[in-house]
Amino acid sequence: MAISKRLQARLRPEDVVARIGGDEFVTVVKQVTSLADAMSTAERLLLGFESPFRLRGSDVYSSASIGLVFADPANPSLDPESLIRDADTAMYQAKAAGRDGIAVFDMSMRDRVAERLVLEQDLRTALDAGELHLHFQPIVRLSDETVEGLEALLRWVHPTRGLISPATVIPIAEETGLIIEIGAWVIEEAAREVRRWRRMPGAEHLYVAVNLSARQLRDPRLVERVATTLADQHLEPAALCLELTESMLMEDPVGASQTLHQLRDLGVRLSLDDFGTGYSSLSYLKRFPVDEVKIDRSFVDGLDAPDSSEASLVAAIVAMARALGMKTVAEGVELPIQAQRLRELGADQVQGYLYARPVGPESVPGTLARLGAKRYAALPDIA
Ligand code: C2E
Ligand code: MG
Ligand code: MG
């Protein structure tokens with residue numbers, strides 16, 4: 001109600017303000033003749049969110065994302081439903097670009113929505129059709145360059161569109177709920193693979209890291225599923241590491257903490273992925289039983305420049321992790337200088353193209369052998 005009042009106060013009396021559900025409002029602004037006009041109206045509406053709302057004695061800040069669509073009188077085929085749908089599409093675009101944004105609808109957005117619908121349909125059958133695969137990327141201990149584990153990364157090879165990135169697949173899988181089935185498959189498949197690798201000499205302690213998504217973490221069957229998979233594969237729990245992100249934990253800190261404790265009790269490792277990009281709240285971190293934090297690639301990127309601010313941030317994350325008894329893994333290491341800096345800064349493990357790109361399961365033994373060989377070559381007294 002407070003929001004609708006603020007919207008109304010920034011529009012003319014003849015304009016419409018309506019709430020169409022949840023946290024979504026529609027305004028119909030009449031007699032707008034130019035894009036500049038429409039933009040300034042939208043910007044004015046955003047300004048209405050600058051000051052906090054007073055709710056039960058406390059200040060609550062809110063933001064808005066605005067999707068803008070023109071009802072072109074030259075195109076009478078545009079019925080109100082299509083207009084609202086297009087505005088909605090633009091609004092999602094604005095949201096995706098970050099909070100407090102404005103996006104103007106254009107036809108390419110409709111194509112993107114259509115494209116997405118097609119992918120959504122195709123994803124429903126992808127698993128059964130054998131189009132989903134896992135690639136694996138080694139996680140290397142910095143002190144002696146031993147491969148300690150591998151991260152499983154989802155690949156969708158679409159029959160006509162080719163390789164589709166997990167950045168596209170995972171959000172669709174989340175929204176449709178398919179992530180539960182796909183995620184369970186990923187865990188099973190990764191468990192099967194790590195069990196095979198562990199039969200290789202010297203690889204008995206290898207683990208596999210699997211990314212979890214928000215919806216999987218909320219799934220009440222998750223813990224039981226993980227336990228069943230481990231039992232079916234006769235796999236020691238430490239052979240599995242589950243990666244989560246801070247934002248997933250923040251969605252429902254109490255529930256997440258419970259689930260994490262149950263997973264921890266099973267004996268699986270827990271890892272905090274993309275650390276540094278979210279809330280990075282120390283007090284929160286203490287509440288979750290995680291074994292390690294993965295320092296996001298964005299920090300590693302800047303490490304090749306001397307005295308970078310990234311270096312102090314990495315040092316701070318390493319110190320904090322140590323204080324909490326956690327290890328650190330640096331992601332996206334591409335240059336020897338970055339590995340060198342990370343070693344100086346005290347990171348425990350690294351992962352990145354410098355060591356290996358993600359590879360298909362058939363190439364894992366070869367990749368392990370190559371990395372192992374590199375290690376021995378670096379020690380002249382052994383060679
Ligand atoms: P992530 O878990 O942070 O995975 C690391 C990403 O960085 C991977 O991208 C990997 O291929 C890429 N990468 C590794 N080393 C380097 C490097 O040296 N340089 C650069 N530029 N990139 C590097 P990918 O495979 O495209 O996966 C993207 C994200 O998708 C993952 O980020 C993860 O959040 C998500 N994802 C992947 N597979 C799964 C899955 O099975 N389930 C879920 N829920 N999410 C997944
Ligand atoms: Mg990950
Ligand atoms: Mg990551």
# chains A, B, ... in the order shown; residues from 1 in each chain; ligands from 1
$ residues_near_ligand --ligand "ligand 1" --cutoff "9 Å" --atoms "only C-alpha atoms and all ligand atoms" --output "short mmCIF file (atom, residue, chain, number, x, y, z; two decimals) with C-alpha atoms, in the first residue's frame"
data_model
loop_
_atom_site.label_atom_id
_atom_site.label_comp_id
_atom_site.auth_asym_id
_atom_site.auth_seq_id
_atom_site.Cartn_x
_atom_site.Cartn_y
_atom_site.Cartn_z
CA LEU A 134 29.65 -34.07 -16.81
CA HIS A 135 33.06 -32.58 -17.31
CA PHE A 136 35.64 -32.62 -14.55
CA GLN A 137 38.24 -30.07 -13.56
CA GLU A 151 34.85 -30.58 -9.72
CA ALA A 152 31.95 -31.92 -11.77
CA LEU A 153 30.56 -29.35 -14.21
CA LEU A 154 27.36 -29.91 -16.16
CA ARG A 155 27.38 -29.86 -19.96
CA SER A 165 26.52 -23.42 -20.83
CA PRO A 166 25.42 -24.29 -17.30
CA ALA A 167 24.86 -20.55 -16.82
CA THR A 168 21.88 -21.00 -19.16
CA VAL A 169 20.87 -24.50 -18.14
CA ILE A 170 20.84 -24.16 -14.36
CA PRO A 171 18.41 -21.20 -14.16
CA ALA A 173 16.33 -26.19 -14.54
CA GLU A 174 15.72 -24.23 -11.31
CA ILE A 179 16.94 -29.31 -11.19
CA ILE A 182 19.07 -33.33 -12.96
CA GLY A 183 20.87 -32.55 -9.70
CA TRP A 185 21.67 -37.44 -11.65
CA VAL A 186 24.76 -35.22 -11.33
CA ILE A 187 25.44 -36.52 -7.82
CA VAL A 210 29.38 -31.28 -7.03
CA ASN A 211 27.60 -27.93 -7.29
CA LEU A 212 24.24 -27.75 -5.58
CA SER A 213 21.54 -25.29 -6.55
CA ALA A 214 19.21 -23.35 -4.27
CA ARG A 215 16.23 -25.53 -4.95
CA GLN A 216 18.16 -28.72 -4.28
CA GLU A 243 29.48 -26.78 -3.21
CA LEU A 244 27.00 -24.12 -2.17
CA THR A 245 26.92 -20.35 -2.47
CA ASP A 273 31.56 -21.48 -3.84
CA ASP A 274 32.19 -18.06 -5.43
CA LYS A 294 36.36 -21.10 -2.85
CA ASP A 296 35.95 -16.31 -6.61
CA ARG A 297 37.74 -15.93 -9.92
CA ASP A 301 41.98 -12.16 -12.03
CA GLU A 331 39.18 -20.51 -8.68
CA GLY A 332 40.07 -19.52 -12.23
CA VAL A 333 43.86 -19.59 -11.98
CA GLU A 334 45.14 -19.03 -15.51
CA LEU A 335 48.66 -17.62 -15.08
CA GLN A 351 41.72 -24.72 -9.82
CA GLY A 352 41.98 -23.24 -13.28
CA TYR A 353 43.05 -23.43 -16.89
CA LEU A 354 46.70 -23.17 -15.82
CA TYR A 355 46.43 -26.74 -14.55
CA ALA A 356 43.60 -28.16 -16.61
CA ARG A 357 40.37 -27.21 -18.32
CA PRO A 358 37.30 -29.25 -17.45
#
$ select_by_dssp --residues "stretch 102-229 of chain A" --states "helix (DSSP H, G or I)" --output "ChimeraX atom specification"
/A:107-126,166-176,178-197,214-218,222-229
$ write_last_selection --atoms "C-alpha atoms" --output "mmCIF file, in the first residue's frame"
data_model
loop_
_atom_site.group_PDB
_atom_site.id
_atom_site.type_symbol
_atom_site.label_atom_id
_atom_site.label_comp_id
_atom_site.auth_asym_id
_atom_site.auth_seq_id
_atom_site.Cartn_x
_atom_site.Cartn_y
_atom_site.Cartn_z
ATOM 1 C CA MET A 107 11.305 -7.453 -30.155
ATOM 2 C CA SER A 108 14.619 -9.229 -29.600
ATOM 3 C CA MET A 109 13.501 -9.789 -26.026
ATOM 4 C CA ARG A 110 10.455 -11.642 -27.298
ATOM 5 C CA ASP A 111 12.749 -13.815 -29.392
ATOM 6 C CA ARG A 112 14.816 -14.525 -26.336
ATOM 7 C CA VAL A 113 11.714 -15.541 -24.414
ATOM 8 C CA ALA A 114 10.669 -17.825 -27.266
ATOM 9 C CA GLU A 115 14.172 -19.250 -27.374
ATOM 10 C CA ARG A 116 14.039 -19.895 -23.688
ATOM 11 C CA LEU A 117 10.684 -21.651 -23.962
ATOM 12 C CA VAL A 118 12.144 -23.948 -26.594
ATOM 13 C CA LEU A 119 15.134 -24.712 -24.377
ATOM 14 C CA GLU A 120 12.808 -25.325 -21.466
ATOM 15 C CA GLN A 121 10.845 -27.876 -23.493
ATOM 16 C CA ASP A 122 14.016 -29.526 -24.756
ATOM 17 C CA LEU A 123 15.553 -29.708 -21.299
ATOM 18 C CA ARG A 124 12.638 -31.842 -20.131
ATOM 19 C CA THR A 125 13.801 -34.668 -22.360
ATOM 20 C CA ALA A 126 17.552 -33.962 -22.303
ATOM 21 C CA PRO A 166 25.420 -24.289 -17.296
ATOM 22 C CA ALA A 167 24.862 -20.548 -16.818
ATOM 23 C CA THR A 168 21.883 -21.001 -19.156
ATOM 24 C CA VAL A 169 20.867 -24.504 -18.140
ATOM 25 C CA ILE A 170 20.839 -24.165 -14.362
ATOM 26 C CA PRO A 171 18.407 -21.196 -14.164
ATOM 27 C CA ILE A 172 15.985 -22.977 -16.511
ATOM 28 C CA ALA A 173 16.326 -26.186 -14.541
ATOM 29 C CA GLU A 174 15.719 -24.235 -11.313
ATOM 30 C CA GLU A 175 12.609 -22.484 -12.570
ATOM 31 C CA THR A 176 11.029 -25.616 -13.985
ATOM 32 C CA LEU A 178 13.895 -30.090 -13.320
ATOM 33 C CA ILE A 179 16.943 -29.314 -11.192
ATOM 34 C CA ILE A 180 15.848 -31.877 -8.616
ATOM 35 C CA GLU A 181 16.029 -34.707 -11.126
ATOM 36 C CA ILE A 182 19.072 -33.334 -12.959
ATOM 37 C CA GLY A 183 20.867 -32.551 -9.701
ATOM 38 C CA ALA A 184 20.262 -36.068 -8.403
ATOM 39 C CA TRP A 185 21.674 -37.442 -11.650
ATOM 40 C CA VAL A 186 24.755 -35.220 -11.327
ATOM 41 C CA ILE A 187 25.443 -36.516 -7.820
ATOM 42 C CA GLU A 188 25.002 -40.151 -8.895
ATOM 43 C CA GLU A 189 27.095 -39.774 -12.014
ATOM 44 C CA ALA A 190 29.873 -37.942 -10.156
ATOM 45 C CA ALA A 191 29.851 -40.614 -7.445
ATOM 46 C CA ARG A 192 30.146 -43.360 -10.053
ATOM 47 C CA GLU A 193 33.088 -41.635 -11.695
ATOM 48 C CA VAL A 194 35.025 -40.910 -8.510
ATOM 49 C CA ARG A 195 34.610 -44.518 -7.476
ATOM 50 C CA ARG A 196 36.246 -45.617 -10.743
ATOM 51 C CA TRP A 197 39.123 -43.143 -10.446
ATOM 52 C CA ALA A 214 19.206 -23.346 -4.271
ATOM 53 C CA ARG A 215 16.229 -25.529 -4.946
ATOM 54 C CA GLN A 216 18.161 -28.719 -4.277
ATOM 55 C CA LEU A 217 19.262 -27.368 -0.928
ATOM 56 C CA ARG A 218 15.635 -26.678 -0.015
ATOM 57 C CA LEU A 222 18.396 -34.080 -0.385
ATOM 58 C CA VAL A 223 20.175 -35.573 2.632
ATOM 59 C CA GLU A 224 18.575 -38.974 2.181
ATOM 60 C CA ARG A 225 19.379 -38.964 -1.533
ATOM 61 C CA VAL A 226 23.020 -38.178 -0.889
ATOM 62 C CA ALA A 227 23.205 -40.916 1.736
ATOM 63 C CA THR A 228 21.591 -43.450 -0.611
ATOM 64 C CA THR A 229 23.920 -42.582 -3.465
#
$ atom_distance --atom1 "atom CA of A:Gly149" --atom2 "atom CA of A:Leu206"
5.0 Å
$ closest_residue --among "A:Cys241, A:Ala129, A:Ile20, A:Val26" --to "ligand 2" --atoms "only C-alpha atoms and all ligand atoms"
A:Cys241
$ atom_distance --atom1 "atom 1 (Mg, counted along the ligand's line) of ligand 2" --atom2 "atom CA of A:Ala209"
7.5 Å
$ select_by_dssp --residues "stretch 61-198 of chain A" --states "strand (DSSP E)" --output "ChimeraX atom specification"
/A:66-68,102-104,132-141,147-158,162-164
$ residues_around --residues "A:Val104" --least-positions-apart "6" --cutoff "12 Å" --atoms "only C-alpha atoms" --output "list of chain:residue names"
A:Leu35, A:Ala36, A:Ala38, A:Met39, A:Ala42, A:Ser65, A:Ile66, A:Gly67, A:Leu68, A:Val69, A:Phe70, A:Asp86, A:Ala87, A:Asp88, A:Thr89, A:Ala90, A:Met91, A:Tyr92, A:Gln93, A:Ala94, A:Arg110
$ atom_distance --atom1 "atom CA of A:Arg198" --atom2 "atom CA of A:Ala339"
26.8 Å
$ closest_residue --among "A:Glu251, A:Glu246, A:Glu50, A:Asp304" --to "ligand 3" --atoms "only C-alpha atoms and all ligand atoms"
A:Glu246
